[in-house]
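Down below is the structure, laid out as structure tokens.
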Amino acid sequence: VGFVAGQGGHGTTSDSGKQQPPPIKAQKHSGIPMALRGIMSSFPSTMRIPSLLKALKTVLHIWVDKMKYDQNCDSNGVERKTMPQFVYFFLVKKYGLEKLADMHVTQLQLAMIHHRKHKRIKLLGFMMGAYDTEAPPVLALRDTNFLWKILDYMRRQNEFTDALLQDKDMQIDMTKAKVQQCVKAIFEPILPDSAVNLLHRISLMPPPEV
């Protein structure tokens with residue numbers, strides 16, 4: 001089928017005389033997760049991808065601030081923010097302007113795609129809806145609340161601290177005994193077997209490779 005230019009610049013006309021629809025233009029928010037579109041004030045384009053180290057530090061800063069923010073929300077009887085809502089709030093607070101926050105949201109999205117092989121980055125991506133931008137996040141508020149419960153326990157046991165943010169490796173190392181204590185505290189009240197099977201499986205795990 002051949003095509004000739006249509007009149008008025010409204011598309012193309014085929015040999016059969018039928019009007020063809022105009023080409024679809026990419027939307028400005030293309031590539032931005034659904035959960036963030038209604039929050040952002042603009043959709044800047046950028047090709048800059050943060051390094052893995054910078055992305056990892058950003059994720060840890062977000063997690064630490066999210067735990068503190070949730071504690072304040074609980075103390076004041078205020079509903080917690082979802083992860084996309086909090087990340088935007090975090091970036092606006094950090095950079096001062098919504099337009100700057102929008103740029104950093106866009107860069108964070110690129111980082112979550114580019115560095116998704118790293119488990120910590122991929123976890124944030126699932127919380128943000130980074131890998132299917134036309135669907136809600138895989139991990140909803142209930143899921144992230146459960147994760148913060150675990151991190152909060154580790155924080156109270158001094159295993160997850162602000163000092164970790166200054167560690168170039170940013171790796172949380174815990175003894176098997178501490179892991180078992182954490183699992184027992186979190187899972188014993190909610191599992192039918194009081195976490196006996198889970199604790200047994202942890203006890204059989206080999207030590208990490210050095």
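Following the order of the structure tokens, chains are lettered A, B, ..., residues in each are numbered from 1, and ligands are numbered from 1.
Using only C-alpha atoms, the protein and nucleic acid residues lying no more than 12 Å from Ser42 (chain A), apart from those fewer than 5 places from it along its own chain, are Lys28, His29, Ser30, Ile32, Leu36, Arg37, Leu97, Glu98, Lys99, Leu100, Ala101, Asp102, Met103, His104, Val105 and Thr106 of chain A.
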Discussion item. Excluding region 184-196 of chain A and its own-chain neighbours fewer than 6 positions away, which residues fall within 12 Å of it when counting only C-alpha atoms? Please give them as a list in words.
Written reply: Phe146, Leu147, Trp148, Lys149, Ile150, Leu151, Asp152, Tyr153, Met154, Gln157, Ala177, Lys178, Ile202 and Ser203 of chain A
Residues of the last selection are to be written out with C-alpha atoms, as a short mmCIF file (atom, residue, chain, number, x, y, z; two decimals), in the first residue's frame.
data_model
loop_
_atom_site.label_atom_id
_atom_site.label_comp_id
_atom_site.auth_asym_id
_atom_site.auth_seq_id
_atom_site.Cartn_x
_atom_site.Cartn_y
_atom_site.Cartn_z
CA PHE A 146 6.50 -4.81 57.00
CA LEU A 147 9.98 -4.14 55.64
CA TRP A 148 10.36 -1.06 57.87
CA LYS A 149 9.35 -3.20 60.83
CA ILE A 150 12.32 -5.47 60.13
CA LEU A 151 14.71 -2.56 59.55
CA ASP A 152 13.45 -0.82 62.70
CA TYR A 153 14.18 -3.96 64.74
CA MET A 154 17.69 -4.09 63.24
CA GLN A 157 19.67 -3.77 67.82
CA ALA A 177 22.40 -15.48 66.14
CA LYS A 178 21.23 -11.89 65.56
CA ILE A 202 18.37 -20.44 59.08
CA SER A 203 20.33 -22.60 61.52
#
Worksheet item: Quick one: of A:Gln180, A:Gln85, A:Gln71, A:Ser45, who's nearest to His200 (chain A), counting only C-alpha atoms?
Response: A:Gln180
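Taking only C-alpha atoms, the non-local environment of Tyr69 (chain A) within 9 Å (same-chain residues fewer than 5 positions away omitted) comprises A:Val64, A:Asp74, A:Arg80, A:Lys81, A:Phe86.
Using only C-alpha atoms, the smallest distance between any of A:Pro33, A:Leu91, A:Glu159, A:Val78 and Thr58 (chain A) comes from A:Leu91.
Atom to atom, CA of Pro84 (chain A) and CA of Ala35 (chain A) stand 6.2 Å apart.
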Worksheet item: Hey, can you check how far CA of Tyr88 (chain A) sits from CA of Phe43 (chain A)?
Response: 13.1 Å
Item to complete: Enumerate the residues of region 100-198 of chain A with a DSSP assignment of helix (DSSP H, G or I), computed from the backbone, and present them as a count of residues only.
Response: 61
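With only C-alpha atoms as the basis for measurement, A:Leu53 is the residue among A:Pro207, A:Leu53, A:Asn76, A:Arg48 that approaches His118 (chain A) most closely.
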